[in-house]
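Undergrad: Structure file my_file32.tsv (TSV, C-alpha atoms and all ligand atoms) right here:
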chain	number	residue	atom	x	y	z
E	127	MET	CA	0.00	0.00	0.00
E	128	SER	CA	1.37	3.45	-0.86
E	129	LYS	CA	2.24	5.82	1.99
E	130	PHE	CA	-0.49	7.96	3.57
E	131	ILE	CA	-0.40	11.49	2.18
E	132	PRO	CA	-0.88	13.92	5.07
E	133	VAL	CA	-2.69	17.20	4.72
E	134	ASN	CA	0.48	19.13	5.56
E	135	GLU	CA	4.19	18.56	6.18
E	136	PRO	CA	6.51	21.45	7.07
E	137	ASP	CA	9.67	22.12	5.11
E	138	LEU	CA	12.62	22.53	7.51
E	139	SER	CA	15.32	21.97	4.92
E	140	GLY	CA	17.08	25.36	5.03
E	141	ASN	CA	19.06	27.02	7.80
E	142	GLU	CA	16.67	25.90	10.57
E	143	LYS	CA	19.09	23.36	12.07
E	144	LYS	CA	22.08	25.68	11.81
E	145	TYR	CA	20.28	28.56	13.54
E	146	LEU	CA	18.93	26.27	16.27
E	147	GLN	CA	22.45	25.02	16.87
E	148	GLU	CA	23.55	28.64	17.20
E	149	CYS	CA	20.95	29.19	19.95
E	150	ILE	CA	22.25	26.17	21.84
E	151	ASP	CA	25.90	27.10	21.36
E	152	THR	CA	25.33	30.66	22.57
E	153	GLY	CA	22.81	29.85	25.31
E	154	TRP	CA	20.18	32.25	23.87
E	155	ILE	CA	17.08	30.13	24.32
E	156	SER	CA	14.58	32.47	25.98
E	157	SER	CA	12.72	35.39	24.42
E	158	GLU	CA	15.79	37.53	24.74
E	159	GLY	CA	17.92	36.60	21.82
E	160	PRO	CA	19.08	37.88	18.44
E	161	PHE	CA	16.72	35.76	16.32
E	162	ILE	CA	13.65	37.44	17.84
E	163	GLU	CA	14.84	40.80	16.60
E	164	LYS	CA	15.83	39.34	13.23
E	165	LEU	CA	12.41	37.77	12.76
E	166	GLU	CA	10.64	40.95	13.83
E	167	SER	CA	12.67	43.24	11.60
E	168	GLY	CA	12.39	40.78	8.70
E	169	LEU	CA	8.61	40.80	8.96
E	170	CYS	CA	8.49	44.58	9.34
E	171	GLN	CA	10.31	44.75	6.05
E	172	GLN	CA	8.14	42.11	4.42
E	173	THR	CA	4.87	43.78	5.47
E	174	ARG	CA	6.18	47.38	5.38
E	175	ARG	CA	5.11	47.90	9.01
E	176	LYS	CA	7.08	50.00	11.49
E	177	HIS	CA	6.84	47.63	14.49
E	178	ALA	CA	6.53	43.86	14.89
E	179	PHE	CA	6.19	41.81	18.07
E	180	ALA	CA	6.76	38.07	18.08
E	181	VAL	CA	4.34	36.15	20.30
E	182	CYS	CA	3.69	32.53	21.22
E	183	ASN	CA	0.90	31.84	18.67
E	184	GLY	CA	-1.60	33.47	16.35
E	185	SER	CA	-4.49	33.20	18.81
E	186	ALA	CA	-2.46	35.12	21.40
E	187	ALA	CA	-1.58	37.68	18.72
E	188	LEU	CA	-5.30	38.30	18.14
E	189	GLU	CA	-6.05	38.54	21.85
E	190	LEU	CA	-3.23	41.03	22.29
E	191	ALA	CA	-4.31	43.03	19.22
E	192	VAL	CA	-7.95	43.33	20.26
E	193	LYS	CA	-7.05	44.53	23.77
E	194	ALA	CA	-4.23	46.80	22.59
E	195	ILE	CA	-6.49	48.76	20.24
E	196	GLY	CA	-8.78	49.43	23.19
E	197	ILE	CA	-11.74	47.06	22.74
E	198	LYS	CA	-13.67	47.06	26.03
E	199	PRO	CA	-16.65	45.33	27.62
E	200	GLY	CA	-19.84	46.37	25.85
E	201	ASP	CA	-18.15	47.09	22.50
E	202	GLU	CA	-19.01	45.29	19.27
E	203	VAL	CA	-16.57	44.02	16.69
E	204	VAL	CA	-17.81	43.15	13.20
E	205	MET	CA	-16.08	40.00	11.92
E	206	PRO	CA	-16.65	36.98	9.68
E	207	THR	CA	-18.60	34.01	10.99
E	208	PHE	CA	-16.60	31.75	8.66
E	209	THR	CA	-13.22	31.77	10.40
E	210	ILE	CA	-11.24	30.10	13.19
E	211	ILE	CA	-12.53	30.44	16.75
E	212	SER	CA	-9.41	32.39	17.79
E	213	CYS	CA	-10.94	35.51	16.16
E	214	ALA	CA	-14.17	35.36	18.15
E	215	LEU	CA	-12.38	34.34	21.36
E	216	ALA	CA	-10.17	37.42	21.23
E	217	VAL	CA	-13.26	39.65	21.05
E	218	ILE	CA	-15.18	37.76	23.74
E	219	ARG	CA	-12.20	37.64	26.11
E	220	ALA	CA	-12.00	41.44	25.85
E	221	GLY	CA	-15.61	41.47	27.12
E	222	ALA	CA	-16.94	42.63	23.75
E	223	SER	CA	-19.47	41.03	21.38
E	224	PRO	CA	-18.66	39.65	17.95
E	225	VAL	CA	-21.15	40.68	15.25
E	226	TYR	CA	-20.98	38.22	12.40
E	227	VAL	CA	-20.92	38.70	8.64
E	228	ASP	CA	-21.70	35.90	6.19
E	229	ALA	CA	-19.13	34.56	3.72
E	230	ASP	CA	-18.99	35.32	0.02
E	231	PRO	CA	-19.80	32.06	-1.81
E	232	HIS	CA	-16.89	32.50	-4.23
E	233	SER	CA	-13.98	33.97	-2.29
E	234	TRP	CA	-15.15	32.48	1.09
E	235	ASN	CA	-14.14	35.78	2.71
E	236	MET	CA	-16.50	38.04	4.66
E	237	LYS	CA	-19.03	39.84	2.46
E	238	VAL	CA	-17.80	43.39	2.79
E	239	GLU	CA	-21.10	44.73	1.39
E	240	ASP	CA	-22.89	43.27	4.45
E	241	ILE	CA	-20.79	45.18	7.00
E	242	GLU	CA	-22.32	48.66	6.97
E	243	PRO	CA	-25.90	47.74	8.01
E	244	LEU	CA	-24.47	45.96	11.07
E	245	ILE	CA	-22.79	49.05	12.48
E	246	THR	CA	-24.31	50.43	15.69
E	247	GLU	CA	-23.25	52.94	18.31
E	248	ARG	CA	-21.44	50.14	20.07
E	249	THR	CA	-19.35	49.10	17.06
E	250	LYS	CA	-15.69	49.86	17.69
E	251	ALA	CA	-13.80	47.75	15.16
E	252	ILE	CA	-13.92	45.54	12.10
E	253	MET	CA	-11.84	42.38	12.04
E	254	ALA	CA	-10.79	41.38	8.52
E	255	VAL	CA	-9.66	37.76	8.19
E	256	HIS	CA	-8.18	36.63	4.88
E	257	ILE	CA	-9.41	33.11	4.21
E	258	TYR	CA	-7.47	30.23	2.58
E	259	GLY	CA	-5.31	32.36	0.26
E	260	ILE	CA	-7.64	34.99	-1.25
E	261	THR	CA	-7.72	38.38	0.47
E	262	VAL	CA	-10.68	40.28	1.85
E	263	ASP	CA	-11.63	43.20	-0.40
E	264	MET	CA	-9.85	45.72	1.83
E	265	ASP	CA	-10.56	49.06	0.09
E	266	PRO	CA	-14.33	49.16	0.72
E	267	LEU	CA	-13.79	47.74	4.21
E	268	LEU	CA	-11.29	50.48	5.06
E	269	LYS	CA	-13.67	53.08	3.62
E	270	ILE	CA	-16.46	51.93	5.95
E	271	ALA	CA	-14.04	51.96	8.89
E	272	LYS	CA	-13.03	55.52	8.07
E	273	LYS	CA	-16.63	56.68	7.64
E	274	TYR	CA	-17.64	55.39	11.09
E	275	ASP	CA	-14.28	55.97	12.80
E	276	LEU	CA	-13.72	52.27	13.52
E	277	LYS	CA	-10.48	50.46	14.21
E	278	VAL	CA	-9.40	47.70	11.82
E	279	ILE	CA	-7.74	44.48	12.91
E	280	GLU	CA	-6.30	42.44	10.05
E	281	ASP	CA	-5.78	38.71	10.64
E	282	ALA	CA	-3.23	37.77	7.98
E	283	ALA	CA	-2.35	34.35	9.45
E	284	GLU	CA	-3.17	32.49	6.25
E	285	VAL	CA	-1.73	34.94	3.75
E	286	ILE	CA	1.85	35.66	4.78
E	287	GLY	CA	3.47	36.93	1.57
E	288	GLN	CA	0.14	37.60	-0.18
E	289	THR	CA	-0.74	41.05	-1.50
E	290	TYR	CA	-3.96	43.03	-1.97
E	291	LYS	CA	-3.69	45.33	-5.02
E	292	GLY	CA	0.08	44.96	-4.69
E	293	GLN	CA	0.21	45.97	-1.01
E	294	PRO	CA	1.39	43.27	1.42
E	295	CYS	CA	-1.12	41.56	3.69
E	296	GLY	CA	-0.15	42.34	7.26
E	297	SER	CA	0.03	46.05	6.45
E	298	PHE	CA	-3.68	46.95	6.53
E	299	GLY	CA	-5.61	48.75	9.24
E	300	ASP	CA	-4.47	49.67	12.73
E	301	ILE	CA	-3.03	46.31	13.67
E	302	SER	CA	-2.31	43.03	11.90
E	303	THR	CA	-1.65	39.54	13.21
E	304	LEU	CA	0.13	36.46	11.86
E	305	SER	CA	0.37	32.82	12.91
E	306	PHE	CA	3.43	30.62	12.48
E	307	TYR	CA	1.74	27.25	13.07
E	308	PRO	CA	3.37	24.50	10.92
E	309	ASN	CA	0.80	24.79	8.12
E	310	LYS	CA	1.55	28.51	7.61
E	311	HIS	CA	3.90	29.98	4.98
E	312	ILE	CA	6.39	30.65	7.75
E	313	THR	CA	6.46	28.31	10.75
E	314	THR	CA	8.15	28.51	14.11
E	315	GLY	CA	6.41	25.35	15.39
E	316	GLU	CA	4.08	27.51	17.45
E	317	GLY	CA	4.22	31.27	17.09
E	318	GLY	CA	2.63	34.46	15.92
E	319	MET	CA	3.21	38.15	15.38
E	320	VAL	CA	1.54	41.50	15.92
E	321	LEU	CA	2.30	44.28	13.41
E	322	VAL	CA	1.60	48.01	13.85
E	323	ASN	CA	2.76	51.44	12.69
E	324	ASP	CA	1.61	53.65	15.55
E	325	ASP	CA	4.33	54.14	18.21
E	326	GLU	CA	1.98	54.32	21.20
E	327	LEU	CA	0.10	51.23	20.11
E	328	ALA	CA	3.45	49.52	19.64
E	329	GLU	CA	4.42	50.34	23.23
E	330	ARG	CA	1.15	48.82	24.49
E	331	CYS	CA	1.70	45.64	22.48
E	332	LYS	CA	5.28	45.30	23.66
E	333	SER	CA	4.37	45.79	27.29
E	334	ARG	CA	1.30	43.54	27.31
E	335	ARG	CA	3.18	40.74	25.56
E	336	ASN	CA	5.54	40.69	28.51
E	337	LEU	CA	3.35	40.92	31.65
E	338	CYS	CA	3.43	44.76	31.68
E	339	PHE	CA	6.58	44.79	33.77
E	340	GLY	CA	7.14	48.21	35.35
E	341	LYS	CA	9.48	50.62	33.57
E	342	THR	CA	11.19	51.88	36.71
E	343	ASP	CA	10.17	49.26	39.27
E	344	ARG	CA	10.21	46.01	37.31
E	345	PHE	CA	7.82	44.08	39.53
E	346	VAL	CA	5.28	46.87	39.93
E	347	HIS	CA	2.61	46.45	37.26
E	348	GLN	CA	0.24	49.27	36.20
E	349	GLU	CA	-1.76	47.10	33.79
E	350	LEU	CA	-2.68	43.47	33.16
E	351	GLY	CA	-0.48	41.77	30.60
E	352	TRP	CA	0.25	38.23	29.50
E	353	ASN	CA	3.32	36.13	29.01
E	354	PHE	CA	2.85	35.76	25.24
E	355	ARG	CA	6.59	35.74	24.51
E	356	MET	CA	8.19	33.70	21.75
E	357	SER	CA	11.51	31.97	22.41
E	358	ASN	CA	14.71	32.63	20.50
E	359	LEU	CA	14.66	28.93	19.51
E	360	GLN	CA	11.33	29.39	17.76
E	361	ALA	CA	12.46	32.63	16.15
E	362	ALA	CA	15.59	30.87	14.84
E	363	VAL	CA	13.37	28.50	12.88
E	364	GLY	CA	11.27	31.47	11.73
E	365	VAL	CA	14.28	33.38	10.40
E	366	ALA	CA	15.32	30.37	8.31
E	367	GLN	CA	11.73	30.07	7.05
E	368	LEU	CA	11.53	33.76	6.19
E	369	GLU	CA	14.65	33.39	4.03
E	370	ARG	CA	12.71	30.92	1.89
E	371	LEU	CA	9.38	32.79	1.78
E	372	PRO	CA	9.56	33.71	-1.93
E	373	GLU	CA	10.35	30.09	-2.79
E	374	THR	CA	7.54	28.85	-0.53
E	375	LEU	CA	5.02	31.14	-2.22
E	376	LYS	CA	6.14	29.98	-5.64
E	377	LYS	CA	5.67	26.35	-4.57
E	378	LYS	CA	2.23	27.03	-3.11
E	379	ARG	CA	1.08	28.68	-6.32
E	380	LYS	CA	2.43	25.75	-8.31
E	381	ILE	CA	0.53	23.31	-6.10
E	382	GLY	CA	-2.67	25.29	-6.73
E	383	LYS	CA	-2.05	25.37	-10.45
E	384	LEU	CA	-1.46	21.62	-10.61
E	385	TYR	CA	-4.64	20.84	-8.67
E	386	HIS	CA	-6.58	23.09	-11.03
E	387	HIS	CA	-5.02	21.25	-13.97
E	388	HIS	CA	-6.06	17.83	-12.61
E	389	LEU	CA	-9.50	18.79	-11.29
E	390	GLU	CA	-10.77	21.34	-13.79
E	391	GLY	CA	-13.81	20.07	-15.64
E	392	CYS	CA	-14.72	17.73	-12.79
E	393	GLU	CA	-18.47	18.13	-12.23
E	394	SER	CA	-18.43	17.12	-8.57
E	395	PHE	CA	-16.62	20.14	-7.09
E	396	THR	CA	-16.39	23.90	-7.05
E	397	LEU	CA	-12.68	24.75	-7.10
E	398	PRO	CA	-11.10	27.77	-5.40
E	399	LEU	CA	-10.89	31.05	-7.30
E	400	LYS	CA	-7.63	31.41	-9.21
E	401	GLN	CA	-7.74	35.16	-8.75
E	402	THR	CA	-9.93	38.15	-8.04
E	403	ALA	CA	-9.71	41.74	-9.26
E	404	TYR	CA	-7.29	42.45	-6.40
E	405	CYS	CA	-5.20	39.32	-5.78
E	406	GLU	CA	-3.95	36.07	-7.22
E	407	ASN	CA	-4.71	33.04	-5.05
E	408	ILE	CA	-1.76	31.99	-2.92
E	409	TYR	CA	-3.41	28.63	-2.03
E	410	TRP	CA	-2.63	28.56	1.67
E	411	VAL	CA	-4.82	25.48	1.34
E	412	PHE	CA	-6.52	24.03	-1.72
E	413	GLY	CA	-10.16	24.04	-0.62
E	414	ILE	CA	-12.93	22.46	-2.67
E	415	ILE	CA	-16.72	22.30	-2.29
E	416	SER	CA	-18.84	19.29	-3.14
E	417	LYS	CA	-21.65	20.20	-5.53
E	418	ASP	CA	-23.60	17.02	-4.86
E	419	ASP	CA	-26.21	17.49	-2.07
E	420	SER	CA	-26.01	13.81	-1.16
E	421	ARG	CA	-22.22	13.86	-0.70
E	422	ASP	CA	-21.12	16.35	1.92
E	423	ALA	CA	-17.57	17.08	3.07
E	424	LYS	CA	-17.70	14.29	5.67
E	425	TRP	CA	-18.61	11.77	2.99
E	426	TRP	CA	-15.69	12.84	0.77
E	427	MET	CA	-13.22	13.07	3.62
E	428	ASN	CA	-14.04	9.50	4.74
E	429	LYS	CA	-13.59	8.29	1.20
E	430	MET	CA	-10.23	10.04	0.95
E	431	LYS	CA	-9.09	8.63	4.30
E	432	GLU	CA	-9.90	5.10	3.14
E	433	ARG	CA	-7.79	5.87	0.08
E	434	GLY	CA	-4.80	7.03	2.14
E	435	ILE	CA	-5.25	10.79	1.75
E	436	GLY	CA	-5.43	13.29	4.61
E	437	THR	CA	-7.94	16.14	4.34
E	438	ARG	CA	-9.42	18.76	6.68
E	439	PRO	CA	-12.93	20.15	6.95
E	440	PHE	CA	-13.61	23.84	6.35
E	441	PHE	CA	-14.07	26.09	9.39
E	442	TYR	CA	-17.28	25.67	11.38
E	443	PRO	CA	-19.03	29.07	11.57
E	444	MET	CA	-18.89	31.06	14.78
E	445	HIS	CA	-22.68	31.55	15.00
E	446	LEU	CA	-23.14	27.77	15.24
E	447	GLN	CA	-20.37	27.08	17.77
E	448	PRO	CA	-21.82	25.37	20.85
E	449	ALA	CA	-19.22	27.12	23.04
E	450	LEU	CA	-20.29	30.55	21.77
E	451	GLN	CA	-24.08	30.24	21.98
E	452	SER	CA	-24.40	32.83	24.73
E	453	ASN	CA	-22.51	35.28	22.48
E	454	SER	CA	-24.39	34.44	19.29
E	455	PRO	CA	-27.31	36.23	17.65
E	456	LYS	CA	-30.80	34.78	18.15
E	457	GLU	CA	-31.59	35.03	14.47
E	458	ASN	CA	-29.09	33.36	12.18
E	459	ASN	CA	-28.86	34.42	8.60
E	460	TYR	CA	-25.59	33.09	7.31
E	461	PRO	CA	-26.60	30.65	4.56
E	462	GLU	CA	-23.39	30.84	2.54
E	463	SER	CA	-21.15	30.07	5.52
E	464	GLU	CA	-23.37	27.14	6.49
E	465	LYS	CA	-23.24	25.78	2.95
E	466	ILE	CA	-19.48	26.00	2.51
E	467	THR	CA	-18.99	24.49	5.96
E	468	LYS	CA	-21.18	21.51	5.12
E	469	TYR	CA	-19.72	20.81	1.70
E	470	GLY	CA	-16.19	22.24	1.87
E	471	PHE	CA	-12.90	20.56	2.77
E	472	TYR	CA	-9.31	20.89	1.74
E	473	LEU	CA	-6.80	18.59	0.11
E	474	PRO	CA	-3.14	18.08	1.06
E	475	SER	CA	-1.63	21.50	0.37
E	476	GLY	CA	1.70	21.60	2.27
E	477	VAL	CA	4.74	23.14	0.70
E	478	THR	CA	6.58	19.78	0.43
E	479	LEU	CA	3.86	18.24	-1.74
E	480	CYS	CA	5.42	17.01	-4.99
E	481	GLU	CA	3.85	16.79	-8.45
E	482	ASP	CA	3.34	13.01	-8.24
E	483	ARG	CA	1.46	13.30	-4.99
E	484	ILE	CA	-0.81	16.03	-6.34
E	485	SER	CA	-1.63	13.74	-9.23
E	486	THR	CA	-2.26	10.81	-6.83
E	487	VAL	CA	-4.52	12.91	-4.59
E	488	SER	CA	-6.49	14.12	-7.62
E	489	GLN	CA	-6.92	10.61	-9.01
E	490	LYS	CA	-8.05	9.26	-5.63
E	491	LEU	CA	-10.58	12.09	-5.45
E	492	ILE	CA	-12.17	11.78	-8.85
E	493	GLY	CA	-11.09	8.30	-9.91
J	1	LIG	C1	-7.00	32.98	10.20
J	1	LIG	C2	-6.35	32.42	11.41
J	1	LIG	N1	-6.23	33.19	12.50
J	1	LIG	C3	-5.67	32.74	13.64
J	1	LIG	C4	-5.19	31.45	13.73
J	1	LIG	C5	-4.65	30.98	15.04
J	1	LIG	O1	-3.28	30.76	14.99
J	1	LIG	P1	-2.56	29.78	16.04
J	1	LIG	O2	-2.92	28.39	15.65
J	1	LIG	O3	-1.11	30.07	15.83
J	1	LIG	O4	-3.03	30.15	17.39
J	1	LIG	C6	-5.27	30.61	12.63
J	1	LIG	C7	-4.75	29.23	12.72
J	1	LIG	O5	-4.76	28.42	11.87
J	1	LIG	C8	-5.89	31.09	11.42
J	1	LIG	O6	-6.03	30.32	10.36
Here is a file; write its structure as structure tokens.
Ligand SMILES: Cc1ncc(COP(=O)(O)O)c(C=O)c1O

TA:
Amino acid sequence: MSKFIPVNEPDLSGNEKKYLQECIDTGWISSEGPFIEKLESGLCQQTRRKHAFAVCNGSAALELAVKAIGIKPGDEVVMPTFTIISCALAVIRAGASPVYVDADPHSWNMKVEDIEPLITERTKAIMAVHIYGITVDMDPLLKIAKKYDLKVIEDAAEVIGQTYKGQPCGSFGDISTLSFYPNKHITTGEGGMVLVNDDELAERCKSRRNLCFGKTDRFVHQELGWNFRMSNLQAAVGVAQLERLPETLKKKRKIGKLYHHHLEGCESFTLPLKQTAYCENIYWVFGIISKDDSRDAKWWMNKMKERGIGTRPFFYPMHLQPALQSNSPKENNYPESEKITKYGFYLPSGVTLCEDRISTVSQKLIG
């Protein structure tokens, strides 16, 4: 039997080992170490942001971002329902309420045209989350934010290296966040980043990431922070990954292109968009949607598992999350998110996936 093809495998073939060895040889293993600064300045350059703060994961980055921009109990944050729970948790843990927007059936991103009617006196921010490799349409979103004087949080976890109208993701709005989980375009094992331009906001992020230690009296704390620090060991891996980002993006686009080549014309699935008016798909994952009502994502994923292929379901919308019922609207009207959740899943999409495997996965799917 041929080997199981997992949904993702990280590529650690560059300077990762060398830089880790350097950490061990020099003793820099905590969050104070040269690779942290290298990773932060590298990502500032990549995203054209002024400040970057490495943190322990992307969920922590969101929590830090939401609090740092001043979201308080009673506030509302408009955000997609079709996303990872980390986005809603960050809002809820700040004591605020998420207000959900349905997904666009084609791009799978939040429908920007649905945002404005949801704005109330309590709305303080919009959270834009780029989904699976296509960006949110940022210009109209930023226009709405400006009109109503709202903050914008950009979750760019899935689109490191992607651009919107030529401008790098991670550079939009007041604050952006990244994740470096192993399926991301840059991994540190576990890790994340907060990116900002404003100096005062940067100070708040820096302080809150590190327990808000006192400036003059170290152990006297004026505010509540977290220990969200990243270690120099993790950053060492990240720096090696960042060196290969252009290559990684090229590979991801090639994977997407090959899947399209094998699956185009297949009646059973809707394939991801190749591009929109403002971006070319970066294929963080290659998501597909079953068109057959009698064969939902679970049916296909079981079939693929039996055939030795790993897959993952699409996100489960926030408004249906059992854990979030007390924070969810009474009336649900998110048909597109519910549909893509029921019928959508993604194929192996990791950067190490070779041409032969893409062909095998495609044959197992439609053969
Ligand atoms: C859009 C998005 N935001 C946030 C996260 C959370 O990142 P982490 O797993 O590093 O906490 C993820 C994780 O996959 C994600 O896809």

Undergrad: If I take CA of Asn459 in chain E and CA of Asn407 in chain E, how far is one from the other in Å, to one decimal?

TA: 27.8 Å

Undergrad: Just want the residues within 7 Å of ligand LIG 1 (chain J), written as a PDB file with C-alpha atoms, in the coordinates of the input, counting only C-alpha atoms and all ligand atoms.

TA:
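This went into out_19.pdb:
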ATOM      1  CA  ASN E 183       0.900  31.840  18.670  1.00  0.00           C
ATOM      2  CA  GLY E 184      -1.600  33.470  16.350  1.00  0.00           C
ATOM      3  CA  SER E 185      -4.490  33.200  18.810  1.00  0.00           C
ATOM      4  CA  ALA E 186      -2.460  35.120  21.400  1.00  0.00           C
ATOM      5  CA  THR E 209     -13.220  31.770  10.400  1.00  0.00           C
ATOM      6  CA  ILE E 210     -11.240  30.100  13.190  1.00  0.00           C
ATOM      7  CA  SER E 212      -9.410  32.390  17.790  1.00  0.00           C
ATOM      8  CA  CYS E 213     -10.940  35.510  16.160  1.00  0.00           C
ATOM      9  CA  VAL E 255      -9.660  37.760   8.190  1.00  0.00           C
ATOM     10  CA  HIS E 256      -8.180  36.630   4.880  1.00  0.00           C
ATOM     11  CA  ILE E 257      -9.410  33.110   4.210  1.00  0.00           C
ATOM     12  CA  ASP E 281      -5.780  38.710  10.640  1.00  0.00           C
ATOM     13  CA  ALA E 282      -3.230  37.770   7.980  1.00  0.00           C
ATOM     14  CA  ALA E 283      -2.350  34.350   9.450  1.00  0.00           C
ATOM     15  CA  GLU E 284      -3.170  32.490   6.250  1.00  0.00           C
ATOM     16  CA  SER E 305       0.370  32.820  12.910  1.00  0.00           C
ATOM     17  CA  PHE E 306       3.430  30.620  12.480  1.00  0.00           C
ATOM     18  CA  TYR E 307       1.740  27.250  13.070  1.00  0.00           C
ATOM     19  CA  GLU E 316       4.080  27.510  17.450  1.00  0.00           C
ATOM     20  CA  GLY E 317       4.220  31.270  17.090  1.00  0.00           C
ATOM     21  CA  GLY E 318       2.630  34.460  15.920  1.00  0.00           C
TER      22      GLY E 318
END

Undergrad: Tell me, in Å to one decimal, how far CA of Ile131 in chain E is from CA of Ser488 in chain E.

TA: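 That distance, rounded to one decimal, is 11.8 Å.
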
Undergrad: Quick one: residues within 10 Å of Thr314 in chain E, all atoms listed in the file, excluding same-chain residues fewer than 3 positions away - as a list in words?

TA: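 Returned residues: Leu138, Glu142, Cys182, Asn183, Ser305, Phe306, Tyr307, Pro308, Lys310, Gly317, Gly318, Met356, Ser357, Leu359, Gln360, Ala361, Ala362, Val363, Gly364, Val365, Ala366 and Gln367 of chain E.
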
Undergrad: Which one of E:Gly153, E:Pro455, E:Gly436, E:Pro243 sits closest to Thr207 in chain E if you count all atoms listed in the file?

TA: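 Closest residue, counting all atoms listed in the file: E:Pro455.
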
Undergrad: Residues near Val487 in chain E, anyone? I mean within 12 Å using all atoms listed in the file, not counting same-chain ones fewer than 6 positions away, as a ChimeraX atom specification.

TA: /E:128-133,381,384-385,388-389,412,427,429-431,433-437,472-475,479-481,493

Undergrad: For range 295-298 of chain E, find every residue with an atom within 9 Å (counting only C-alpha atoms), except residues of its own chain fewer than 4 positions away, and show them as a list of chain:residue names.

TA: E:Gln172, E:Thr173, E:Arg174, E:Arg175, E:His256, E:Thr261, E:Met264, E:Leu268, E:Val278, E:Ile279, E:Glu280, E:Asp281, E:Ala282, E:Ala283, E:Val285, E:Ile286, E:Gly287, E:Gln288, E:Thr289, E:Tyr290, E:Ser302, E:Thr303, E:Leu304, E:Val320, E:Leu321, E:Val322, E:Asn323

Undergrad: As a count of residues only, please: the residues near range 329-334 of chain E (cut-off 10 Å, only C-alpha atoms, same-chain neighbours under 4 positions excluded).

TA: 27

Undergrad: Hey, which of E:Lys456, E:Lys490, E:Thr374, E:Tyr404 ends up closest to Asn428 in chain E? Count all atoms listed in the file.

TA: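 Smallest distance to Asn428 in chain E is found for E:Lys490.
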
Undergrad: Between E:Ala251, E:Gly221, E:Glu189, E:Ala423, which has the minimum distance to Lys272 in chain E (counting only C-alpha atoms)?

TA: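 Nearest to Lys272 in chain E: E:Ala251.
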
Undergrad: Pick out the closest residue to Lys400 in chain E from this set: E:Lys468, E:Val238, E:Ser233, E:Tyr460. Count all atoms listed in the file.

TA: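 Smallest separation from Lys400 in chain E among the options: E:Ser233.
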
Undergrad: I want to know what sits within 10 Å of Ala271 in chain E, based on all atoms listed in the file, with residues of the same chain fewer than 5 positions away left out; could you give that as a list of chain:residue names?

TA: E:Ile241, E:Glu242, E:Ile245, E:Lys250, E:Ala251, E:Ile252, E:Asp265, E:Pro266, E:Leu276, E:Lys277, E:Val278, E:Gly299

Undergrad: Quick check, in Å to one decimal: how far apart do CA of Ile301 in chain E and CA of Ala328 in chain E lie?

TA: 9.4 Å

Undergrad: With all atoms listed in the file as the basis for distance, which of E:Thr246, E:Asn235, E:Leu169, E:Asn453 is at the shortest distance from Ser223 in chain E?

TA: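 Under the stated criterion, the closest residue is E:Asn453.
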
Undergrad: Go through E:Glu135, E:Glu202, E:Met319, E:Leu375 one by one, measure the shortest atom-to-atom distance of each to Ser167 in chain E using all atoms listed in the file, and give the residue with the smallest value.

TA: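 For Ser167 in chain E, the nearest of the given residues is E:Met319.
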